Every structure is written in structure tokens, then in C-alpha cells.
$ cat start_2.txt   # compact mmCIF, C-alpha atoms
# COMPACT_ATOMS: atom_id res chain seq x y z
CA MET A 1 0.00 0.00 0.00
CA ALA A 2 2.86 2.34 0.83
CA GLU A 3 4.19 1.92 -2.69
CA GLN A 4 0.83 2.96 -4.12
CA GLN A 5 1.18 6.32 -2.42
CA GLU A 6 4.13 7.09 -4.70
CA PHE A 7 1.87 7.34 -7.72
CA LYS A 8 0.57 10.83 -8.24
CA VAL A 9 -0.74 13.03 -11.01
CA ALA A 10 0.02 16.74 -11.29
CA VAL A 11 -3.18 18.56 -12.23
CA LEU A 12 -2.90 21.92 -13.95
CA PRO A 13 -6.21 23.76 -14.23
CA CYS A 14 -6.10 26.88 -16.39
CA ASN A 15 -7.54 28.90 -13.51
CA GLY A 16 -8.30 31.88 -15.68
CA ILE A 17 -10.65 34.67 -14.68
CA GLY A 18 -12.22 36.08 -17.80
CA ARG A 19 -14.92 33.58 -18.57
CA LEU A 20 -17.53 31.44 -16.90
CA VAL A 21 -15.50 28.34 -17.69
CA SER A 22 -12.63 29.81 -15.67
CA THR A 23 -14.74 29.46 -12.56
CA VAL A 24 -15.94 26.02 -13.60
CA VAL A 25 -12.34 24.82 -13.99
CA ARG A 26 -11.28 26.34 -10.70
CA MET A 27 -14.10 24.76 -8.73
CA ALA A 28 -13.57 21.42 -10.47
CA ALA A 29 -9.90 21.52 -9.49
CA TYR A 30 -10.78 21.86 -5.83
CA LYS A 31 -13.25 19.00 -6.17
CA ILE A 32 -10.68 16.79 -7.89
CA LYS A 33 -8.26 17.35 -5.02
CA LYS A 34 -10.98 16.44 -2.53
CA MET A 35 -11.87 13.29 -4.48
CA ARG A 36 -8.27 12.08 -4.81
CA PRO A 37 -6.36 13.88 -2.04
CA GLU A 38 -3.43 11.46 -1.97
CA GLN A 39 -3.06 11.12 -5.72
CA VAL A 40 -3.32 14.73 -6.87
CA GLU A 41 -0.75 17.51 -6.80
CA LEU A 42 -2.71 20.63 -7.67
CA LEU A 43 -0.62 23.16 -9.56
CA SER A 44 -1.12 26.91 -9.58
CA CYS A 45 -1.00 28.33 -13.08
CA GLY A 46 0.26 31.65 -11.72
CA ARG A 47 3.22 30.09 -9.98
CA LEU A 48 3.96 27.82 -12.90
CA ALA A 49 3.84 30.68 -15.38
CA VAL A 50 6.62 32.49 -13.53
CA GLY A 51 8.70 29.36 -13.06
CA ASP A 52 8.17 28.77 -9.35
CA PRO A 53 10.61 25.91 -8.60
CA GLU A 54 8.22 23.92 -6.40
CA HIS A 55 5.49 23.83 -9.01
CA VAL A 56 7.86 23.32 -11.93
CA GLU A 57 9.39 20.35 -10.13
CA ALA A 58 5.97 18.80 -9.46
CA ALA A 59 4.93 19.33 -13.07
CA ARG A 60 8.08 17.59 -14.27
CA LYS A 61 8.08 14.84 -11.66
CA TYR A 62 4.56 13.48 -12.08
CA PRO A 63 2.38 12.65 -15.07
CA LEU A 64 0.60 15.86 -15.98
CA MET A 65 -3.09 16.40 -16.61
CA VAL A 66 -4.13 19.78 -18.00
CA ILE A 67 -7.61 21.23 -17.86
CA ASP A 68 -8.34 23.94 -20.40
CA GLY A 69 -11.34 26.17 -19.98
CA CYS A 70 -11.54 28.10 -23.22
CA ARG A 71 -10.22 28.19 -26.75
CA PRO A 72 -6.67 29.51 -26.19
CA HIS A 73 -5.97 26.32 -24.19
CA CYS A 74 -3.72 28.21 -21.79
CA ALA A 75 -2.98 25.25 -19.51
CA SER A 76 -1.80 23.27 -22.53
CA PHE A 77 0.35 26.26 -23.49
CA MET A 78 2.03 26.10 -20.08
CA ALA A 79 2.72 22.40 -20.52
CA ASP A 80 4.33 23.21 -23.87
CA GLU A 81 6.44 25.90 -22.20
CA LEU A 82 7.68 23.29 -19.76
CA GLY A 83 8.41 20.86 -22.57
CA LYS A 84 6.07 18.36 -20.94
CA THR A 85 3.60 16.26 -22.90
CA PRO A 86 0.45 15.88 -20.80
CA ALA A 87 -0.69 12.38 -19.96
CA ALA A 88 -4.24 13.68 -20.32
CA ARG A 89 -5.98 16.82 -21.50
CA LEU A 90 -9.51 17.86 -20.62
CA TYR A 91 -11.41 20.63 -22.35
CA VAL A 92 -14.55 21.94 -20.70
CA ALA A 93 -16.53 22.19 -23.93
CA ASP A 94 -15.96 18.49 -24.60
CA VAL A 95 -17.39 17.53 -21.22
CA MET A 96 -20.26 19.97 -21.63
CA ALA A 97 -21.17 18.52 -25.02
CA GLU A 98 -20.81 14.91 -23.92
CA LYS A 99 -22.97 15.39 -20.84
CA LYS A 100 -25.34 17.81 -22.57
CA ILE A 101 -25.13 20.35 -19.77
CA ASN A 102 -26.48 23.83 -20.34
CA VAL A 103 -24.88 26.62 -18.31
CA ALA A 104 -26.54 29.57 -20.01
CA GLY A 105 -27.23 32.34 -17.53
CA GLU A 106 -24.52 31.28 -15.10
CA LYS A 107 -22.08 33.93 -13.84
CA ARG A 108 -18.33 33.68 -13.45
CA ARG A 109 -18.28 35.22 -9.98
CA GLY A 110 -20.38 32.44 -8.50
CA LEU A 111 -22.10 29.33 -9.79
CA THR A 112 -25.56 28.03 -9.06
CA ALA A 113 -26.65 24.38 -9.14
CA LYS A 114 -26.64 24.53 -12.93
CA GLY A 115 -22.99 25.46 -13.08
CA GLU A 116 -22.13 23.03 -10.30
CA LYS A 117 -23.47 20.26 -12.50
CA LEU A 118 -20.76 21.02 -15.04
CA VAL A 119 -18.18 21.25 -12.23
CA ASP A 120 -19.20 17.78 -11.07
CA ALA A 121 -19.08 16.35 -14.59
CA LEU A 122 -15.65 17.86 -15.20
CA ALA A 123 -14.32 16.57 -11.88
CA GLU A 124 -15.70 13.09 -12.59
CA ALA A 125 -14.06 13.06 -16.01
CA ALA A 126 -10.79 14.22 -14.50
CA VAL A 127 -10.81 11.61 -11.75
CA GLY A 128 -11.45 8.92 -14.35
CA GLU A 129 -8.35 10.09 -16.21
CA ILE A 130 -6.32 10.28 -13.00
CA ASP A 131 -7.26 6.71 -12.10
CA ARG A 132 -6.33 5.57 -15.59
CA ILE A 133 -2.96 7.36 -15.51
CA ILE A 134 -2.09 5.92 -12.10
CA ALA A 135 -3.14 2.42 -13.17
CA ASP A 136 -0.95 2.78 -16.22
CA GLU A 137 1.98 3.97 -14.10
CA MET A 138 1.53 1.13 -11.63
CA LEU A 139 1.29 -1.53 -14.30
CA SER A 140 4.40 -0.20 -16.00
CA THR A 141 6.38 -1.04 -12.86
CA LEU A 142 5.20 -4.65 -12.59
CA MET B 1 -4.45 60.62 -17.67
CA ALA B 2 -4.99 56.92 -18.09
CA GLN B 3 -8.32 56.02 -19.58
CA LYS B 4 -8.50 52.61 -17.98
CA VAL B 5 -6.60 50.40 -15.58
CA CYS B 6 -5.79 46.75 -16.20
CA LEU B 7 -6.60 44.59 -13.19
CA GLN B 8 -4.26 41.62 -13.07
CA PRO B 9 -5.11 39.40 -10.11
CA CYS B 10 -3.22 36.49 -8.66
CA LEU B 11 -4.92 33.31 -9.79
CA GLY B 12 -3.55 31.00 -7.18
CA LEU B 13 -5.45 28.43 -5.21
CA ARG B 14 -5.35 29.57 -1.60
CA LYS B 15 -8.11 31.35 0.28
CA GLU B 16 -6.47 34.74 -0.13
CA SER B 17 -6.26 34.15 -3.88
CA ILE B 18 -9.98 33.52 -4.06
CA LEU B 19 -10.61 36.66 -2.04
CA CYS B 20 -8.43 38.63 -4.44
CA ARG B 21 -10.15 37.19 -7.47
CA GLN B 22 -13.64 37.87 -6.14
CA ALA B 23 -12.72 41.42 -5.12
CA PHE B 24 -11.42 42.08 -8.62
CA TYR B 25 -14.71 40.87 -10.08
CA VAL B 26 -16.55 43.30 -7.85
CA VAL B 27 -14.28 46.17 -8.89
CA HIS B 28 -14.55 45.36 -12.57
CA GLU B 29 -18.24 44.50 -12.75
CA ASP B 30 -19.79 46.66 -10.04
CA LEU B 31 -17.58 49.48 -8.82
CA ARG B 32 -15.45 50.61 -11.76
CA PRO B 33 -16.78 48.96 -14.93
CA GLU B 34 -15.94 51.99 -17.09
CA THR B 35 -12.36 52.40 -15.95
CA THR B 36 -11.09 48.84 -15.66
CA VAL B 37 -10.31 45.86 -17.82
CA LEU B 38 -9.81 42.42 -16.32
CA GLY B 39 -6.60 40.70 -17.35
CA CYS B 40 -6.40 36.92 -17.37
CA GLY B 41 -3.00 35.62 -16.25
CA PRO B 42 -2.88 32.32 -18.12
CA ALA B 43 -4.16 34.04 -21.26
CA LEU B 44 -1.46 36.69 -20.94
CA ASN B 45 1.11 33.95 -20.49
CA ALA B 46 -0.22 32.27 -23.64
CA ASN B 47 0.06 35.58 -25.54
CA VAL B 48 -3.67 35.95 -26.15
CA GLN B 49 -3.78 39.24 -28.02
CA GLU B 50 -6.47 40.89 -25.93
CA ASP B 51 -4.55 40.30 -22.73
CA VAL B 52 -1.25 41.40 -24.26
CA ASP B 53 -2.98 44.56 -25.45
CA PHE B 54 -4.33 45.23 -21.97
CA ILE B 55 -0.89 45.42 -20.37
CA ASN B 56 0.50 47.44 -23.26
CA MET B 57 -2.34 49.97 -23.34
CA TYR B 58 -3.15 50.48 -19.68
CA PRO B 59 -1.36 50.80 -16.35
CA VAL B 60 -1.48 47.48 -14.53
CA LEU B 61 -2.73 47.05 -10.99
CA ALA B 62 -1.49 43.63 -9.89
CA GLY B 63 -3.24 41.93 -7.00
CA GLU B 64 -1.20 39.41 -5.06
CA ALA B 65 -2.27 36.85 -2.48
CA CYS B 66 1.23 36.10 -1.19
CA ASP B 67 4.81 37.25 -1.46
CA LYS B 68 5.44 35.18 -4.58
CA ASP B 69 4.02 38.15 -6.53
CA CYS B 70 3.14 35.95 -9.51
CA ALA B 71 0.86 38.47 -11.23
CA THR B 72 3.51 41.19 -11.04
CA ARG B 73 6.19 38.80 -12.26
CA LEU B 74 4.01 37.57 -15.10
CA VAL B 75 3.56 41.13 -16.35
CA ALA B 76 7.35 41.56 -16.14
CA LYS B 77 7.80 38.31 -18.06
CA LYS B 78 5.86 39.94 -20.87
CA GLY B 79 8.11 43.00 -20.85
CA LYS B 80 6.04 45.46 -18.84
CA SER B 81 6.07 46.69 -15.25
CA ALA B 82 3.02 46.77 -13.05
CA ALA B 83 2.17 50.35 -12.16
CA ARG B 84 1.17 49.15 -8.73
CA THR B 85 1.26 45.90 -6.82
CA VAL B 86 -1.13 45.35 -3.95
CA ARG B 87 -0.87 42.41 -1.60
CA VAL B 88 -4.26 41.34 -0.38
CA VAL B 89 -2.74 40.00 2.83
CA ASP B 90 -1.59 43.54 3.66
CA LEU B 91 -5.09 44.89 3.08
CA ILE B 92 -6.54 42.11 5.23
CA ALA B 93 -4.19 43.11 8.06
CA GLU B 94 -4.84 46.84 7.64
CA GLU B 95 -8.59 46.32 7.66
CA LYS B 96 -8.33 43.80 10.52
CA LEU B 97 -10.39 41.30 8.57
CA ASP B 98 -10.99 37.90 10.10
CA LEU B 99 -10.94 35.21 7.44
CA SER B 100 -11.19 32.30 9.85
CA ASP B 101 -14.79 31.61 8.85
CA LEU B 102 -13.83 31.29 5.20
CA PRO B 103 -13.08 27.75 4.07
CA GLU B 104 -10.16 26.81 1.86
CA SER B 105 -10.88 25.47 -1.59
CA GLU B 106 -14.33 26.96 -1.97
CA ASN B 107 -15.69 30.01 -3.64
CA ILE B 108 -16.30 33.14 -1.58
CA PRO B 109 -19.53 34.98 -2.36
CA THR B 110 -18.91 38.45 -3.75
CA ASP B 111 -21.27 39.94 -1.18
CA HIS B 112 -19.07 38.68 1.65
CA PRO B 113 -17.97 41.68 3.76
CA ALA B 114 -14.28 40.87 3.32
CA VAL B 115 -14.65 40.85 -0.47
CA GLN B 116 -16.49 44.16 -0.40
CA VAL B 117 -13.91 45.82 1.85
CA ILE B 118 -10.99 44.66 -0.29
CA ALA B 119 -12.85 45.68 -3.45
CA ALA B 120 -13.42 49.19 -2.10
CA ARG B 121 -9.71 49.55 -1.34
CA ILE B 122 -8.78 48.35 -4.81
CA ALA B 123 -11.32 50.66 -6.43
CA ALA B 124 -9.66 53.59 -4.69
CA MET B 125 -6.32 52.48 -6.13
CA VAL B 126 -7.91 52.27 -9.58
CA ASP B 127 -9.06 55.87 -9.19
CA GLU B 128 -5.54 56.98 -8.29
CA LEU B 129 -4.05 55.22 -11.29
CA SER B 130 -6.70 56.35 -13.74
CA ASN B 131 -6.08 59.91 -12.57
CA GLY B 132 -2.37 59.46 -13.19
CA ALA B 133 -1.27 59.30 -9.56
$ encode --input "start_2.txt" --output "C-alpha cells"
Amino acid sequence: MAEQQEFKVAVLPCNGIGRLVSTVVRMAAYKIKKMRPEQVELLSCGRLAVGDPEHVEAARKYPLMVIDGCRPHCASFMADELGKTPAARLYVADVMAEKKINVAGEKRRGLTAKGEKLVDALAEAAVGEIDRIIADEMLSTL
Amino acid sequence: MAQKVCLQPCLGLRKESILCRQAFYVVHEDLRPETTVLGCGPALNANVQEDVDFINMYPVLAGEACDKDCATRLVAKKGKSAARTVRVVDLIAEEKLDLSDLPESENIPTDHPAVQVIAARIAAMVDELSNGA
């Protein structure tokens, strides 16, 4: 069991501010950490963007999952800057389309139950990817 | 005289970061919608044109949640200097705000008194910058 604790995934949410999806990604990131507290290293995009050693090291050390909120795919851009190929990428629009969730009318400064539904769906999708990445890592050592 | 001010908040993950973010929404959407633009850090880092334009066209007010000063350093990374850096933790201390009731890793409503107090302080700084102070 102790060996299993060594397997972690670094999660980089875009954590933007300009759009509704920025808030969705941020809240999903917190939920992901709560759902997999021992397996997730949550990275701050701000600290990573300015090369904070602690966050750069975590991003390089563990398999990386990026979560992009909007079209510029800023979290993916940061992974490219680091020269790191993500083990998984999530894009909010993909989850929204797949789950057929409508967030019209939601506001970026605070979500209602409608927005939380997308947060939950995004977090569930992310945790599924995290479990897959860790399983893959574990099996590669056997 | 600056027409507008670019708000560039820390987008970290800690409680103080959320407070900063929410206060900047209040400033931009409620208190000073005509004299502010809201800069997005990751978009600036990714060279999204709108966000690059913001820091080139307007004085930047960077809001920081800790002494890492990531927002200020990100603006510097893109070749500009923030006109002013404000650390939210300093404002919290000056205003004697008690954040103990605020949970980590959750959103803070924009009508929370702490958000409103910080927003009012930041709006005053916006006024100083937009008047060329």
C-alpha cells in the first residue's frame, strides 16, 4: 500500500478569470483534489507561469493532466512551455457537449446548481483520467 | 491621464487568492466597470492578443495573495512593469479582517464583507491610477 502512495498526477487547471469556464475549472480543481487527495498535486497556473521551482518540479516529476477552460488552451500552453507532454488533456466544452449540460445564464463570480453540475461532470471526467494514468503507471512497474 | 486600468489578479489556489479574485470581479463589474479591464494571467502567459494589449495599453494594478508576486512577475515576463502591486494580505491586516470563517478550496460569495472591503480599497487604487497618480 505504501508503494501505491508514490503514484501521483500533477493537475494543472487553467484557472483563468475572464470567462464562466474559468470558474468552472477552478471549482472542479478543488473538487478533484478532494476526491483524490493522496493522488493529486494541484498546480497553480500563476506560480507555474513564472517558473516557481516547487510547481515546476511537481509538473516535471509526475504525469501531468491539463484542464483547459476556453479556446486559447492556456494550460496546454504552459505544458508546452515546460516541454512536458500531458498524460491527459480535458477541455470543458468536450465535457459539456458529452454530458449535454447547459450553463446559459450562469455567472463567473459564483455558480448556481446549474454550473455546479458542469463542475461535477468535469471533476468526474478528471478523476477517471487520473485513475487511468495511475493504473498505467503502476502496471508499468510490474 | 490613463483612460482605464488593467486589473491583473493572482490566480492562485489559496483562500487569499480567491478573495483577491472575487474582489477584482466586484471592482470590474460593479464598482469601476468603465475604468477597468480584467486581465487573465494564463491568457497573458499564452500571448492571447487581448490580454497582451491590456498590459501594453493600460497601467497594470497587480493583486497578489502572497509574497510570490506571480501576477507582477508575469507582467514583467511579458516586458512590462506593473504600475502598482497590492498584496491582499496587507489589506486584510490593515482592515483587521478575520478570514477564519472562510473555508479553503471553496468560492467566496462576492457579497461577503471581506470581499467588499478589499474591493473598495482596490477601487480607490484604480481611481488613483486612472487619474495618473
$ closest_residue --input "start_2.txt" --among "A:Ser44, A:Asn102, A:Thr112, A:Asn15" --to "Cys70 of chain B" --atoms "all atoms listed in the file"
A:Ser44
$ interface_residues --input "start_2.txt" --of "chain B" --to "chain A" --cutoff "9 Å" --atoms "all atoms listed in the file" --output "ChimeraX atom specification"
/B:9-13,21-22,25-26,38-46,48,68-71,73-74,77,105-110
$ residues_around --input "start_2.txt" --residues "Asp90 of chain B" --least-positions-apart "3" --cutoff "12 Å" --atoms "all atoms listed in the file" --output "short mmCIF file (atom, residue, chain, number, x, y, z; two decimals) with C-alpha atoms, in the coordinates of the input"
data_model
loop_
_atom_site.label_atom_id
_atom_site.label_comp_id
_atom_site.auth_asym_id
_atom_site.auth_seq_id
_atom_site.Cartn_x
_atom_site.Cartn_y
_atom_site.Cartn_z
CA GLU B 16 -6.47 34.74 -0.13
CA CYS B 20 -8.43 38.63 -4.44
CA GLY B 63 -3.24 41.93 -7.00
CA GLU B 64 -1.20 39.41 -5.06
CA ALA B 65 -2.27 36.85 -2.48
CA CYS B 66 1.23 36.10 -1.19
CA ASP B 67 4.81 37.25 -1.46
CA THR B 85 1.26 45.90 -6.82
CA VAL B 86 -1.13 45.35 -3.95
CA ARG B 87 -0.87 42.41 -1.60
CA ALA B 93 -4.19 43.11 8.06
CA GLU B 94 -4.84 46.84 7.64
CA GLU B 95 -8.59 46.32 7.66
CA LYS B 96 -8.33 43.80 10.52
CA LEU B 97 -10.39 41.30 8.57
CA ILE B 118 -10.99 44.66 -0.29
CA ARG B 121 -9.71 49.55 -1.34
#
$ atom_distance --input "start_2.txt" --atom1 "atom CA of Leu19 of chain B" --atom2 "atom CA of Val60 of chain B"
18.9 Å
$ closest_residue --input "start_2.txt" --among "A:Arg36, A:Lys8, A:Lys99, A:Lys107" --to "Arg60 of chain A" --atoms "all atoms listed in the file"
A:Lys8
$ residues_near_point --input "start_2.txt" --point "(-4.1, 47.7, -25.9)" --cutoff "12 Å" --atoms "only C-alpha atoms" --output "ChimeraX atom specification"
/B:3-6,37,39,48-60
$ residues_around --input "start_2.txt" --residues "Glu129 of chain A" --least-positions-apart "2" --cutoff "10 Å" --atoms "all atoms listed in the file" --output "PyMOL selection string"
chain A and resi 9+65+87-90+123-127+131-135
$ atom_distance --input "start_2.txt" --atom1 "atom CA of Val117 of chain B" --atom2 "atom CA of Ser17 of chain B"
15.1 Å
$ closest_residue --input "start_2.txt" --among "A:Ala113, A:Ala121, A:Met138, A:Val66" --to "Ala79 of chain A" --atoms "all atoms listed in the file"
A:Val66
$ atom_distance --input "start_2.txt" --atom1 "atom CA of Pro37 of chain A" --atom2 "atom CA of Gly69 of chain A"
22.3 Å
$ axis_aligned_box --input "start_2.txt" --around "segment 98-103 of chain A" --padding-each-side "3 Å" --output "lines of an AutoDock Vina configuration file"
center_x = -23.6
center_y = 20.8
center_z = -21.1
size_x = 11.7
size_y = 17.7
size_z = 11.6
